[in-house]
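Encoded as structure tokens, the structure appears first; notes follow it.
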Amino acid sequence: MNKTCSVGEVMIFNLARTVGNGDLVFHGFGSPLVQLALHLAKRTHAPDLVFVAGATYGLNPELSFLTPTSNDWALDRGAECAIDIEELFDLAASGRMSRMFLSGLQIDPWGNANVTRLGEDRLRLKLPGGGGGCNLSCDAGNFTLWTPAHRGPVGKDGKRMLRLVAQCDFVTTLGHRAVDGRSRRELGHRGAGPDTLLTELGLFDFDSEGHARLRAVFPDTELQEIKANTGFPLRLAERLEPIPLPDAESVALIRRLDPLGVHRKELRPADLERQFSVSSH
């Protein structure tokens, strides 16, 4: 029986917890953490979950094992069917997509995310782009944000290169407020926006204003470390709690689905050494 769990396994478990039974979810592609989270949810608390796999658009595939690449047809085995990308956007635009998962090289306090470019006035780095995430972020019922890189490395100029920033250089996917301050409701969008932001340091929700609010931390993480790695003033829940840890059965299932340890590639080397005791219930 597994007595310890890793940072990645804690993140997978908490990503899975954002999914409700009966939800229709799209997970995009490229993140083994999210892929495993949806298979974990489907096989535990959300058996009636319907999810669309990111690269193949297969519906409810039955994962045998996680492959090293996210565009492998082995990930589509056992799928009930496959849909076209046009049908995916129709699901969201018609209000039937309950949740999706999004990340970014920058995430601001309102849940806006940037995967398009770094540099406002001058291009510093061209990023892959949103792949339709802009439309989907406006239409999906809710979405979960995540990043395994909250802790910013120190650059040559002595400043931290932060993932959680005061303002994105470019808004690829829309959170609760646009750059000009207008809310999603004022802009007329269907979806309710992000309700969760998970990092390797802590777990955030969003308050009534739509601002990120820290509500849980990892057992080995101090509040000061989170503040130092966040580019905006932290808002705290009334009661700051330890992050929920997976039980031994969930850890065993994650390891069975990912025997090659593919999800570990999404984490930084220092985080691979962090271990916690599994939950007893």
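Within each chain, counting starts at residue 1; across the structure tokens, chains are named A, B, ... in the order shown, with ligands numbered 1 upward in that order.
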Within 7 Å of segment 52-64 of chain A, counting only C-alpha atoms, which residues qualify if same-chain residues fewer than 3 places away don't, as a PyMOL selection string? chain A and resi 25-29+70-71+75-84+257
To test your reading of the structure, identify every residue in segment 49-125 of chain A that backbone DSSP assigns to helix (DSSP H, G or I), and report it as number ranges by chain. A: 73-76, 85-93
7 Å contact set for Glu9 of chain A, only C-alpha atoms, chain neighbours under 4 positions out, as an NGL selection string: :A and (5 or 13 or 251)
Considering only C-alpha atoms, can you say which of A:Phe65, A:Trp73, A:Trp146, A:Phe51 comes closest to Phe204 of chain A?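 Answer, going by the shortest atom-to-atom distance: A:Trp146.
Proximity to Val10 of chain A was assessed for A:Arg160, A:Val34, A:Gln224, A:Gly193 counting only C-alpha atoms; the smallest distance is recorded for A:Val34.
Proximity of A:Phe276, A:Phe218, A:Phe89, A:Phe143 to Leu197 of chain A, computed with only C-alpha atoms, is greatest for A:Phe143.
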Pick out each residue of segment 26-221 of chain A that DSSP on the backbone tags as strand (DSSP E); I need them as JSON, numbers by chain. {"A": [26, 50, 51, 52, 58, 59, 81, 82, 99, 100, 101, 102, 106, 107, 113, 114, 117, 118, 125, 126, 142, 143, 144, 145, 146, 147, 194, 195, 196, 197, 198, 199, 202, 203, 204, 205, 206, 212, 213, 214, 215, 216, 217]}
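The space between atom CA of Gly231 of chain A and atom CA of Leu267 of chain A spans 20.8 Å.
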When distances are computed from only C-alpha atoms, which of A:Ile254, A:Ala248, A:Glu87, A:Leu174 shows the smallest separation from Asn2 of chain A?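 Selected residue with least distance to Asn2 of chain A: A:Ala248.
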Atomic separation - atom CA of Leu49 of chain A relative to atom CA of Arg96 of chain A, Å: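 If I compute the distance from atom CA of Arg96 of chain A to atom CA of Leu49 of chain A, I get 12.9 Å.
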So, counting only C-alpha atoms, which residue among A:Arg213, A:Arg274, A:Lys265, A:Lys227 is closest to Pro109 of chain A? A:Arg213
Would you mind reading off the distance between atom CA of Gly104 of chain A and atom CA of Arg163 of chain A, one decimal, in Å? 7.9 Å
I'd like the contact shell of Asp23 of chain A - 8 Å cut-off, only C-alpha atoms, skipping same-chain residues fewer than 4 positions apart - returned as a compact mmCIF listing (two decimals) with C-alpha atoms, in the first residue's frame.
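Saved to selection28.txt:
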```
# COMPACT_ATOMS: atom_id res chain seq x y z
CA VAL A 19 -14.74 17.85 -12.08
CA ASP A 48 -20.84 9.76 -15.46
CA LEU A 49 -18.23 12.29 -16.56
CA VAL A 50 -18.13 12.81 -20.32
CA PHE A 51 -14.80 14.11 -21.56
CA MET A 97 -19.50 22.27 -22.14
CA SER A 98 -19.36 22.27 -18.34
CA ARG A 99 -15.62 22.73 -17.87
```
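Proximity to Gly95 of chain A at 8 Å, evaluated using only C-alpha atoms and with sequence-adjacent residues fewer than 4 positions away removed, yields Leu91, Asp139, Ala140, Gly141, Arg190 and Gly191 of chain A.
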Export of prior selection with C-alpha atoms as a PDB file, in the first residue's frame:
```pdb
ATOM      1  CA  LEU A  91     -20.740  22.166 -27.707  1.00  0.00           C
ATOM      2  CA  ASP A 139     -18.264  29.826 -23.568  1.00  0.00           C
ATOM      3  CA  ALA A 140     -17.381  26.940 -21.212  1.00  0.00           C
ATOM      4  CA  GLY A 141     -19.399  26.835 -17.991  1.00  0.00           C
ATOM      5  CA  ARG A 190     -21.912  32.793 -21.670  1.00  0.00           C
ATOM      6  CA  GLY A 191     -19.339  31.102 -19.425  1.00  0.00           C
TER       7      GLY A 191
END
```
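Residues in contact with Arg235 of chain A at up to 12 Å, not including ones fewer than 5 positions away on its chain and judged by only C-alpha atoms, are Pro109, Trp110, Phe204, Asp205, Phe206, Asp207, Ser208, Glu209, Gly210, His211, Ala212, Arg213, Leu214, Arg215, Ala216, Leu223, Ile226, Lys227, Thr230 and Leu240 of chain A.
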Non-local contacts of Val115 of chain A (6 Å; only C-alpha atoms; under 2 positions in same chain excluded) as an NGL selection string: :A and (104-105 or 127 or 129-130)
Point out the residue among A:Val217, A:Leu15, A:Arg151, A:Leu136 with the least atom-to-atom distance to Glu86 of chain A, counting only C-alpha atoms.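 Nearest candidate to Glu86 of chain A out of A:Val217, A:Leu15, A:Arg151, A:Leu136: A:Leu136.
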